[in-house]
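K.L.:
Contents of data22.csv (CSV, C-alpha atoms) are below:
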```csv
chain,number,residue,atom,x,y,z
A,1,CYS,CA,-17.3,-11.5,20.8
A,2,LEU,CA,-14.8,-8.8,21.1
A,3,PRO,CA,-15.8,-5.3,22.4
A,4,PRO,CA,-15.3,-2.4,20.1
A,5,ALA,CA,-11.6,-1.3,19.9
A,6,CYS,CA,-12.4,2.1,21.5
A,7,PHE,CA,-13.6,0.3,24.7
A,8,LEU,CA,-10.5,-2.0,25.2
A,9,PRO,CA,-8.9,-0.7,28.4
A,10,ARG,CA,-5.1,-0.7,28.3
A,11,ARG,CA,-4.9,-1.4,32.1
A,12,LEU,CA,-5.8,-5.1,31.7
A,13,GLY,CA,-3.2,-7.7,32.5
A,14,ARG,CA,-0.6,-8.2,29.8
A,15,LEU,CA,-1.9,-11.6,28.7
A,16,SER,CA,-5.5,-10.4,28.7
A,17,ARG,CA,-4.5,-7.5,26.5
A,18,ARG,CA,-2.8,-9.8,24.0
A,19,ARG,CA,-5.9,-11.9,23.7
A,20,LEU,CA,-8.4,-9.1,23.4
A,21,ALA,CA,-6.2,-7.2,20.9
A,22,ALA,CA,-5.7,-10.2,18.6
A,23,GLY,CA,-7.4,-9.7,15.3
A,24,ILE,CA,-8.2,-6.0,15.7
A,25,SER,CA,-6.4,-4.2,13.0
A,26,VAL,CA,-7.4,-0.9,11.3
A,27,GLY,CA,-5.6,1.9,9.5
A,28,VAL,CA,-2.9,4.2,10.9
A,29,LEU,CA,-4.0,6.5,13.7
A,30,SER,CA,-3.0,10.1,13.1
A,31,ALA,CA,-3.9,12.4,16.0
A,32,HIS,CA,-2.6,15.8,17.0
A,33,LEU,CA,-3.3,16.5,20.6
A,34,CYS,CA,-1.8,19.1,23.0
A,35,TYR,CA,-2.2,18.4,26.7
A,36,SER,CA,0.0,18.1,29.7
A,37,TRP,CA,2.2,15.0,29.5
A,38,ARG,CA,2.9,15.3,33.2
A,39,SER,CA,-0.6,14.1,34.1
A,40,THR,CA,0.8,12.0,37.0
A,41,GLY,CA,3.3,14.6,38.3
A,42,GLY,CA,6.0,13.6,35.8
A,43,THR,CA,6.4,10.0,36.9
A,44,GLY,CA,6.1,8.8,33.3
A,45,THR,CA,3.4,6.3,34.1
A,46,ASP,CA,0.7,8.0,32.1
A,47,LEU,CA,2.6,9.9,29.5
A,48,TYR,CA,1.0,10.8,26.2
A,49,ALA,CA,-2.6,9.8,26.7
A,50,PRO,CA,-5.6,9.8,29.1
A,51,ALA,CA,-5.7,6.6,31.1
A,52,LEU,CA,-9.4,5.6,31.0
A,53,ALA,CA,-10.3,3.6,27.9
A,54,GLU,CA,-8.2,3.7,24.8
A,55,PRO,CA,-8.2,2.1,21.4
A,56,MET,CA,-6.0,-1.0,20.9
A,57,ILE,CA,-5.6,-0.8,17.2
A,58,LYS,CA,-2.8,-2.2,15.2
A,59,SER,CA,-0.2,-0.6,13.0
A,60,PRO,CA,0.7,-2.0,9.5
A,61,SER,CA,3.3,-4.1,11.3
A,62,GLY,CA,0.8,-5.6,13.7
A,63,SER,CA,2.0,-3.7,16.8
A,64,PRO,CA,-0.5,-1.7,18.9
A,65,LEU,CA,-0.6,1.9,17.7
A,66,PRO,CA,0.1,4.5,20.4
A,67,PRO,CA,-3.1,6.2,21.6
A,68,VAL,CA,-1.7,9.5,20.4
A,69,ALA,CA,0.5,9.3,17.3
A,70,HIS,CA,1.9,12.9,17.4
A,71,VAL,CA,2.4,14.5,20.8
A,72,CYS,CA,2.6,18.2,21.2
A,73,VAL,CA,4.7,19.5,24.1
A,74,ARG,CA,4.3,23.1,25.1
A,75,ARG,CA,7.1,25.3,26.5
A,76,HIS,CA,5.8,25.3,30.1
A,77,GLU,CA,6.0,21.5,30.1
A,78,VAL,CA,9.8,21.3,29.6
A,79,ARG,CA,12.8,22.4,31.5
A,80,ASP,CA,15.3,25.0,30.2
A,81,LYS,CA,17.5,22.2,29.0
A,82,ILE,CA,16.3,19.2,26.8
A,83,LEU,CA,18.7,16.3,26.5
A,84,ILE,CA,17.8,14.3,23.3
A,85,VAL,CA,19.5,10.9,23.3
A,86,GLY,CA,20.3,8.8,20.3
A,87,ASP,CA,19.6,5.1,19.8
A,88,ILE,CA,20.3,3.3,23.1
A,89,HIS,CA,19.6,-0.3,22.0
A,90,GLY,CA,19.7,-1.8,25.5
A,91,CYS,CA,22.9,0.0,26.6
A,92,LEU,CA,21.9,1.0,30.0
A,93,ASP,CA,25.3,1.7,31.5
A,94,GLU,CA,26.3,3.9,28.6
A,95,THR,CA,23.0,5.8,29.0
A,96,LYS,CA,23.9,6.6,32.6
A,97,ASP,CA,27.4,7.6,31.5
A,98,LEU,CA,25.9,10.0,29.0
A,99,LEU,CA,23.5,11.6,31.5
A,100,SER,CA,26.5,12.1,33.8
A,101,ALA,CA,28.6,13.6,31.1
A,102,SER,CA,25.8,15.9,30.1
A,103,GLY,CA,25.3,17.2,33.7
A,104,TYR,CA,21.8,15.9,33.6
A,105,SER,CA,19.5,16.5,36.5
A,106,PRO,CA,15.7,15.9,36.5
A,107,SER,CA,15.2,19.3,38.1
A,108,SER,CA,16.9,21.2,35.2
A,109,HIS,CA,16.6,18.8,32.2
A,110,THR,CA,13.9,17.2,30.2
A,111,LEU,CA,15.1,13.8,29.0
A,112,VAL,CA,14.0,12.7,25.4
A,113,SER,CA,14.9,9.6,23.4
A,114,VAL,CA,14.7,9.2,19.6
A,115,GLY,CA,13.6,5.6,20.0
A,116,ASP,CA,15.1,2.1,19.6
A,117,LEU,CA,15.4,1.6,23.3
A,118,VAL,CA,15.8,-2.1,22.9
A,119,ASN,CA,17.6,-5.0,21.1
A,120,LYS,CA,21.3,-5.6,20.4
A,121,GLY,CA,22.5,-4.4,23.9
A,122,PRO,CA,22.6,-6.3,27.2
A,123,SER,CA,19.7,-4.6,29.1
A,124,SER,CA,16.6,-3.9,27.0
A,125,PRO,CA,14.1,-4.2,29.9
A,126,GLY,CA,16.4,-2.1,32.1
A,127,VAL,CA,16.5,0.8,29.6
A,128,VAL,CA,12.7,0.9,29.3
A,129,ARG,CA,12.3,0.9,33.1
A,130,PHE,CA,15.0,3.5,33.6
A,131,LEU,CA,13.6,5.9,31.1
A,132,ARG,CA,10.1,5.4,32.5
A,133,GLU,CA,11.2,6.1,36.0
A,134,GLU,CA,13.1,9.2,34.9
A,135,GLY,CA,9.9,10.6,33.4
A,136,ALA,CA,11.5,10.6,29.9
A,137,LEU,CA,9.7,11.4,26.7
A,138,ALA,CA,10.4,9.0,23.8
A,139,VAL,CA,9.3,8.2,20.3
A,140,ARG,CA,8.8,4.8,18.8
A,141,GLY,CA,11.6,3.2,16.7
A,142,ASN,CA,11.5,0.2,14.4
A,143,HIS,CA,13.0,-2.0,17.1
A,144,ASP,CA,10.5,-0.8,19.7
A,145,ASP,CA,7.7,-1.5,17.2
A,146,SER,CA,8.9,-5.1,16.7
A,147,ALA,CA,9.2,-5.6,20.5
A,148,LEU,CA,5.7,-4.3,21.0
A,149,MET,CA,4.3,-6.5,18.2
A,150,HIS,CA,5.7,-9.6,20.1
A,151,ALA,CA,4.7,-8.3,23.5
A,152,PHE,CA,1.0,-8.0,22.5
A,153,SER,CA,1.0,-11.0,20.2
A,154,SER,CA,-1.3,-14.0,20.9
A,155,GLU,CA,1.4,-16.2,19.5
A,156,GLY,CA,4.7,-17.5,20.9
A,157,ILE,CA,7.5,-15.0,21.5
A,158,PRO,CA,10.8,-15.6,19.6
A,159,GLU,CA,13.9,-16.1,21.7
A,160,LYS,CA,15.3,-12.7,20.6
A,161,TYR,CA,12.3,-10.9,22.2
A,162,ARG,CA,11.8,-13.0,25.3
A,163,TYR,CA,13.0,-10.0,27.3
A,164,VAL,CA,9.6,-8.4,26.8
A,165,GLU,CA,8.3,-10.9,29.4
A,166,GLN,CA,10.5,-9.1,32.0
A,167,LEU,CA,8.6,-5.8,31.4
A,168,SER,CA,6.1,-5.1,34.1
A,169,ASP,CA,2.6,-4.0,33.2
A,170,THR,CA,3.6,-0.4,34.1
A,171,ASP,CA,6.7,-0.6,31.9
A,172,LEU,CA,4.7,-2.0,29.0
A,173,ASP,CA,1.9,0.5,29.4
A,174,TRP,CA,4.5,3.4,29.2
A,175,TYR,CA,6.4,1.7,26.3
A,176,SER,CA,3.3,1.2,24.2
A,177,ARG,CA,2.3,4.8,24.5
A,178,MET,CA,5.5,6.2,22.9
A,179,PRO,CA,4.3,8.2,19.9
A,180,LEU,CA,5.6,8.4,16.4
A,181,SER,CA,6.7,12.1,17.0
A,182,LEU,CA,7.2,14.7,19.6
A,183,ARG,CA,6.9,18.3,18.6
A,184,PHE,CA,7.9,21.5,20.5
A,185,PRO,CA,6.1,24.2,18.4
A,186,ASP,CA,6.7,27.0,20.9
A,187,LEU,CA,10.5,27.0,20.4
A,188,ASN,CA,12.2,29.1,17.8
A,189,PRO,CA,12.7,27.3,15.5
A,190,PRO,CA,10.3,24.6,16.4
A,191,ILE,CA,11.7,21.2,17.2
A,192,LEU,CA,10.4,17.8,16.0
A,193,VAL,CA,11.7,14.5,17.3
A,194,VAL,CA,11.2,11.3,15.3
A,195,HIS,CA,13.1,8.0,15.1
A,196,ALA,CA,14.0,7.7,11.4
A,197,GLY,CA,12.9,10.7,9.3
A,198,VAL,CA,10.3,12.7,7.5
A,199,VAL,CA,9.6,13.6,3.9
A,200,PRO,CA,10.1,17.3,3.1
A,201,GLY,CA,7.0,19.1,2.0
A,202,LYS,CA,4.5,16.7,3.6
A,203,MET,CA,2.6,17.8,6.7
A,204,LEU,CA,3.2,15.8,9.8
A,205,GLY,CA,-0.2,14.1,9.7
A,206,GLU,CA,0.4,13.1,6.0
A,207,GLN,CA,3.6,11.2,6.7
A,208,GLU,CA,3.6,7.4,6.5
A,209,PHE,CA,3.9,5.2,9.6
A,210,ASP,CA,6.9,3.2,8.2
A,211,ASP,CA,8.7,6.4,7.2
A,212,PHE,CA,8.7,7.6,10.8
A,213,ILE,CA,10.4,4.5,12.0
A,214,ARG,CA,12.4,3.1,9.0
A,215,MET,CA,13.4,5.5,6.3
A,216,ARG,CA,17.0,6.5,5.7
A,217,GLN,CA,17.2,8.0,2.2
A,218,LEU,CA,15.1,9.8,-0.4
A,219,LYS,CA,15.1,9.2,-4.1
A,220,ALA,CA,13.9,11.7,-6.6
A,221,LYS,CA,10.6,10.6,-8.2
A,222,PHE,CA,9.2,12.9,-10.9
A,223,PRO,CA,5.5,13.2,-11.2
A,224,THR,CA,3.9,10.9,-13.8
A,225,THR,CA,1.3,13.5,-14.7
A,226,PRO,CA,2.4,16.2,-17.2
A,227,SER,CA,3.0,18.9,-14.7
A,228,LEU,CA,6.3,20.2,-16.3
A,229,SER,CA,6.2,22.5,-19.3
A,230,TRP,CA,7.3,21.0,-22.7
A,231,PHE,CA,10.5,23.0,-22.5
A,232,ASP,CA,11.4,21.8,-19.0
A,233,SER,CA,10.7,18.3,-20.0
A,234,ILE,CA,13.1,18.5,-22.8
A,235,LYS,CA,15.7,20.0,-20.4
A,236,ASN,CA,15.2,17.1,-18.0
A,237,LEU,CA,15.7,14.6,-20.8
A,238,LEU,CA,19.0,16.4,-21.8
A,239,GLY,CA,20.2,16.4,-18.2
A,240,ILE,CA,20.2,20.1,-18.0
A,241,VAL,CA,17.9,20.1,-14.9
A,242,PRO,CA,19.6,17.9,-12.2
A,243,SER,CA,17.5,14.9,-11.1
A,244,SER,CA,18.1,16.0,-7.5
A,245,SER,CA,15.7,18.9,-7.8
A,246,PRO,CA,12.2,17.5,-8.1
A,247,LYS,CA,9.1,19.0,-6.7
A,248,SER,CA,8.8,18.6,-2.9
A,249,SER,CA,6.1,15.9,-3.1
A,250,SER,CA,8.1,13.8,-5.6
A,251,TRP,CA,10.1,11.6,-3.2
A,252,GLU,CA,10.4,7.8,-2.8
A,253,THR,CA,11.6,6.8,0.7
A,254,LEU,CA,14.3,4.2,1.0
A,255,VAL,CA,14.7,1.9,3.9
A,256,ARG,CA,18.1,0.6,2.8
A,257,PRO,CA,21.0,2.7,1.6
A,258,SER,CA,21.1,3.0,-2.2
A,259,PRO,CA,23.5,4.6,-4.7
A,260,ASP,CA,20.4,6.3,-6.2
A,261,GLY,CA,19.4,7.7,-2.8
A,262,THR,CA,20.4,10.7,-0.7
A,263,LEU,CA,20.3,11.0,3.1
A,264,TRP,CA,16.9,12.5,3.8
A,265,ALA,CA,18.4,15.1,6.2
A,266,LYS,CA,20.5,16.6,3.4
A,267,ILE,CA,17.5,17.1,1.2
A,268,TYR,CA,15.4,18.4,4.0
A,269,SER,CA,18.1,20.9,4.9
A,270,ASP,CA,18.6,22.2,1.3
A,271,PRO,CA,18.6,26.0,1.5
A,272,GLU,CA,16.4,26.1,-1.6
A,273,ARG,CA,13.7,24.0,0.1
A,274,VAL,CA,13.4,25.8,3.4
A,275,LYS,CA,9.7,26.2,2.9
A,276,ASP,CA,9.4,22.3,2.7
A,277,ALA,CA,10.7,22.1,6.3
A,278,ALA,CA,7.5,23.8,7.6
A,279,ILE,CA,5.6,20.6,8.3
A,280,LEU,CA,4.0,21.1,11.7
A,281,PRO,CA,0.2,21.7,12.1
A,282,ASP,CA,0.7,24.4,14.7
A,283,SER,CA,3.6,26.4,13.3
A,284,THR,CA,4.3,28.0,9.9
A,285,GLU,CA,8.1,28.1,10.6
A,286,PRO,CA,10.7,25.6,9.3
A,287,THR,CA,11.2,22.8,11.8
A,288,HIS,CA,14.5,21.3,13.1
A,289,VAL,CA,14.3,17.6,13.3
A,290,PHE,CA,16.3,15.4,15.7
A,291,PHE,CA,16.3,11.7,14.8
A,292,GLY,CA,18.3,8.5,15.0
A,293,HIS,CA,18.1,5.2,13.2
A,294,ASP,CA,21.1,5.4,10.9
A,295,ALA,CA,24.2,4.2,12.6
A,296,VAL,CA,26.0,3.7,9.2
A,297,ALA,CA,25.7,7.4,8.5
A,298,GLY,CA,26.6,8.2,12.1
A,299,LEU,CA,26.4,11.7,13.5
A,300,GLN,CA,24.6,14.0,11.0
A,301,GLN,CA,24.6,17.7,11.6
A,302,GLU,CA,22.6,19.5,8.9
A,303,SER,CA,21.1,23.0,9.1
A,304,TRP,CA,17.6,21.7,9.8
A,305,ALA,CA,18.2,18.1,10.9
A,306,THR,CA,20.5,16.4,13.5
A,307,GLY,CA,21.0,12.6,13.4
A,308,LEU,CA,22.1,11.1,16.7
A,309,ASP,CA,22.6,7.4,16.1
A,310,THR,CA,26.4,6.8,16.5
A,311,GLY,CA,26.3,3.0,16.9
A,312,CYS,CA,26.7,2.5,20.7
A,313,CYS,CA,25.6,-1.1,20.5
A,314,TYR,CA,28.4,-1.7,17.9
A,315,GLY,CA,31.1,-0.5,20.2
A,316,LYS,CA,31.2,3.1,19.0
A,317,SER,CA,29.5,5.8,21.1
A,318,LEU,CA,26.2,7.0,22.5
A,319,THR,CA,25.4,10.6,21.5
A,320,ALA,CA,22.9,13.2,22.6
A,321,ALA,CA,22.1,16.8,21.7
A,322,LEU,CA,21.9,19.1,24.7
A,323,VAL,CA,19.4,21.8,23.8
A,324,THR,CA,19.5,25.0,25.9
A,325,ILE,CA,16.4,27.2,25.7
A,326,ASN,CA,16.9,30.9,25.9
A,327,PRO,CA,14.3,33.3,27.6
A,328,ASP,CA,13.0,34.3,24.1
A,329,ASN,CA,12.5,30.6,23.3
A,330,THR,CA,15.3,30.5,20.8
A,331,TRP,CA,17.7,27.7,21.5
A,332,THR,CA,21.2,26.3,20.9
A,333,SER,CA,22.5,22.8,21.0
A,334,ASP,CA,25.7,21.0,21.8
A,335,ILE,CA,26.7,17.5,21.0
A,336,VAL,CA,27.7,15.2,23.9
A,337,SER,CA,29.1,11.7,23.4
A,338,VAL,CA,30.4,8.9,25.6
A,339,PRO,CA,32.3,5.8,24.3
A,340,ALA,CA,30.6,2.4,24.4
A,341,ARG,CA,31.8,0.1,27.2
A,342,ALA,CA,31.9,-2.9,24.8
A,343,MET,CA,30.8,-4.1,21.4
A,344,HIS,CA,27.5,-5.6,22.3
A,345,SER,CA,26.5,-6.5,18.8
A,346,VAL,CA,28.3,-7.2,15.6
A,347,PRO,CA,27.3,-4.8,12.7
A,348,GLY,CA,25.2,-6.6,10.2
A,349,SER,CA,24.5,-9.5,12.5
A,350,LYS,CA,21.2,-10.2,14.1
A,351,LYS,CA,22.8,-11.8,17.1
A,352,LYS,CA,24.2,-10.1,20.2
A,353,LYS,CA,27.9,-10.5,21.0
A,354,HIS,CA,28.4,-12.7,24.1
```
Using the file provided, produce a representation of the structure as structure tokens.
P.N.:
Amino acid sequence: CLPPACFLPRRLGRLSRRRLAAGISVGVLSAHLCYSWRSTGGTGTDLYAPALAEPMIKSPSGSPLPPVAHVCVRRHEVRDKILIVGDIHGCLDETKDLLSASGYSPSSHTLVSVGDLVNKGPSSPGVVRFLREEGALAVRGNHDDSALMHAFSSEGIPEKYRYVEQLSDTDLDWYSRMPLSLRFPDLNPPILVVHAGVVPGKMLGEQEFDDFIRMRQLKAKFPTTPSLSWFDSIKNLLGIVPSSSPKSSSWETLVRPSPDGTLWAKIYSDPERVKDAAILPDSTEPTHVFFGHDAVAGLQQESWATGLDTGCCYGKSLTAALVTINPDNTWTSDIVSVPARAMHSVPGSKKKKH
């Protein structure tokens, strides 16, 4: 019989992990831990979690959940500059171009990725290995989640994901630990890094797994309970109160763009909803979110959110935000981009361009 999930060591061989993990599936893990992510001197091997015995529990998609879903990074654990890179999608050469253009150095910069390290580009395993060796921090994206699902599956691996067999156990160990969010609560304002987005007004631990890695838009959803006054209800019916101004908890998240939806970053950055941007468990201040995922929207620069997916794999550009931290922990950011070296994937197609 299988041992309890909490006693499944992650340091087993890859095939053994797949077999042991098969069939173990529980609800979403939502942990908020603060500890040093440089537990092995910043090599990236043991980022995000202790390395003894960890749960191998599955997400709603069937991938192994990270041992810590939401990682807290304190000020003393980062350099004075943080380079937050948009969706890489296997574009290793462009990643190196971007680091060069940013003046990146491991001694002065902390490297962070908004996720989607793999698929569509020519070097998915190379990107995972490169970021691990650089000691980078990264969050899980939807493509990472799919890759991990196949890497730890007991079934056959589709051709599209055969590259996961090129990942070493060390690569896969690092890759599977990538959390759903990284937060920097000591900065002013605090910074949160996720792949896709967050819902305004919901605390970090209350957000849904799929929203972290897949959402693009929000759609107003009024409460079904009679929380509005009779007079306000009549005004709503007459269109006097705009439908874009519901209560902060009344949002439906949309994975696909819709005429009825609005980019979540615009709603999150609405000056009238600043209090809804205070979503961290260890800060009462509004939080600036850096994210990726939406190549169609491209670079998004809102007052409280910055979207960094600029479609490198589609022949456009790879973009990063260079965050410079001041002595008082306030910060500024500059956008740095480099052009793609080629169109590696055709937009809307599931196949890479050869």
K.L.:
Between A:Leu218, A:Arg132, A:His344, A:Ser100, single out the one closest to Pro259 of chain A, counting only C-alpha atoms.
P.N.:
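Of the candidates, the smallest distance to Pro259 of chain A is held by A:Leu218.
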K.L.:
Which residues come within 9 Å of Arg273 of chain A, counting only C-alpha atoms, excluding same-chain residues fewer than 3 positions away, as a CSV table (one decimal) with C-alpha atoms, in the frame of the given file?
P.N.:
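This went into result.csv:
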```csv
chain,number,residue,atom,x,y,z
A,200,PRO,CA,10.1,17.3,3.1
A,201,GLY,CA,7.0,19.1,2.0
A,248,SER,CA,8.8,18.6,-2.9
A,267,ILE,CA,17.5,17.1,1.2
A,268,TYR,CA,15.4,18.4,4.0
A,269,SER,CA,18.1,20.9,4.9
A,270,ASP,CA,18.6,22.2,1.3
A,276,ASP,CA,9.4,22.3,2.7
A,277,ALA,CA,10.7,22.1,6.3
```
K.L.:
Between A:Cys313, A:His288, A:Gln217, A:Ile82, which residue has the minimum interatomic distance to Asp260 of chain A, considering only C-alpha atoms?
P.N.:
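Counting only C-alpha atoms, the residue closest to Asp260 of chain A is A:Gln217.
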K.L.:
Could you give me, as number ranges by chain, the residues within 10 Å of Val198 of chain A, counting all atoms listed in the file and dropping anything in the same chain fewer than 5 positions from it?
P.N.:
A: 192, 203-204, 207-208, 211-218, 253, 264-265, 268, 277, 279, 289, 291
K.L.:
I want to know what sits within 10 Å of segment 86-96 of chain A, based on all atoms listed in the file, with residues of the same chain fewer than 4 positions away left out; could you give that as an mmCIF file with C-alpha atoms, keeping the file's coordinate frame?
P.N.:
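Now in around29.cif:
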```cif
data_model
loop_
_atom_site.group_PDB
_atom_site.id
_atom_site.type_symbol
_atom_site.label_atom_id
_atom_site.label_comp_id
_atom_site.auth_asym_id
_atom_site.auth_seq_id
_atom_site.Cartn_x
_atom_site.Cartn_y
_atom_site.Cartn_z
ATOM 1 C CA SER A 100 26.500 12.100 33.800
ATOM 2 C CA ALA A 101 28.600 13.600 31.100
ATOM 3 C CA SER A 102 25.800 15.900 30.100
ATOM 4 C CA TYR A 104 21.800 15.900 33.600
ATOM 5 C CA VAL A 112 14.000 12.700 25.400
ATOM 6 C CA SER A 113 14.900 9.600 23.400
ATOM 7 C CA VAL A 114 14.700 9.200 19.600
ATOM 8 C CA GLY A 115 13.600 5.600 20.000
ATOM 9 C CA ASP A 116 15.100 2.100 19.600
ATOM 10 C CA LEU A 117 15.400 1.600 23.300
ATOM 11 C CA VAL A 118 15.800 -2.100 22.900
ATOM 12 C CA ASN A 119 17.600 -5.000 21.100
ATOM 13 C CA LYS A 120 21.300 -5.600 20.400
ATOM 14 C CA GLY A 121 22.500 -4.400 23.900
ATOM 15 C CA PRO A 122 22.600 -6.300 27.200
ATOM 16 C CA SER A 123 19.700 -4.600 29.100
ATOM 17 C CA SER A 124 16.600 -3.900 27.000
ATOM 18 C CA PRO A 125 14.100 -4.200 29.900
ATOM 19 C CA GLY A 126 16.400 -2.100 32.100
ATOM 20 C CA VAL A 127 16.500 0.800 29.600
ATOM 21 C CA VAL A 128 12.700 0.900 29.300
ATOM 22 C CA PHE A 130 15.000 3.500 33.600
ATOM 23 C CA LEU A 131 13.600 5.900 31.100
ATOM 24 C CA GLY A 141 11.600 3.200 16.700
ATOM 25 C CA HIS A 143 13.000 -2.000 17.100
ATOM 26 C CA ASP A 144 10.500 -0.800 19.700
ATOM 27 C CA HIS A 195 13.100 8.000 15.100
ATOM 28 C CA PHE A 290 16.300 15.400 15.700
ATOM 29 C CA PHE A 291 16.300 11.700 14.800
ATOM 30 C CA GLY A 292 18.300 8.500 15.000
ATOM 31 C CA HIS A 293 18.100 5.200 13.200
ATOM 32 C CA ASP A 294 21.100 5.400 10.900
ATOM 33 C CA ALA A 295 24.200 4.200 12.600
ATOM 34 C CA LEU A 299 26.400 11.700 13.500
ATOM 35 C CA GLY A 307 21.000 12.600 13.400
ATOM 36 C CA LEU A 308 22.100 11.100 16.700
ATOM 37 C CA ASP A 309 22.600 7.400 16.100
ATOM 38 C CA THR A 310 26.400 6.800 16.500
ATOM 39 C CA GLY A 311 26.300 3.000 16.900
ATOM 40 C CA CYS A 312 26.700 2.500 20.700
ATOM 41 C CA CYS A 313 25.600 -1.100 20.500
ATOM 42 C CA TYR A 314 28.400 -1.700 17.900
ATOM 43 C CA SER A 317 29.500 5.800 21.100
ATOM 44 C CA LEU A 318 26.200 7.000 22.500
ATOM 45 C CA THR A 319 25.400 10.600 21.500
ATOM 46 C CA ALA A 320 22.900 13.200 22.600
ATOM 47 C CA ALA A 321 22.100 16.800 21.700
ATOM 48 C CA SER A 337 29.100 11.700 23.400
ATOM 49 C CA VAL A 338 30.400 8.900 25.600
ATOM 50 C CA PRO A 339 32.300 5.800 24.300
ATOM 51 C CA ALA A 340 30.600 2.400 24.400
ATOM 52 C CA ARG A 341 31.800 0.100 27.200
ATOM 53 C CA ALA A 342 31.900 -2.900 24.800
ATOM 54 C CA HIS A 344 27.500 -5.600 22.300
ATOM 55 C CA SER A 345 26.500 -6.500 18.800
#
```
K.L.:
Atom CA of Ser59 of chain A to atom CA of Tyr175 of chain A: how many Å, to one decimal?
P.N.:
15.0 Å
K.L.:
Pick from A:Ala69, A:Ala147, A:Met178, A:Ile57: nearest to Tyr163 of chain A, with only C-alpha atoms counted?
P.N.:
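Closest candidate: A:Ala147.
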K.L.:
Between A:Glu252, A:Asp80, A:Arg129, A:Arg140, which has the minimum distance to Ser168 of chain A (counting all atoms listed in the file)?
P.N.:
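Residue with the minimum atom-to-atom distance to Ser168 of chain A: A:Arg129.
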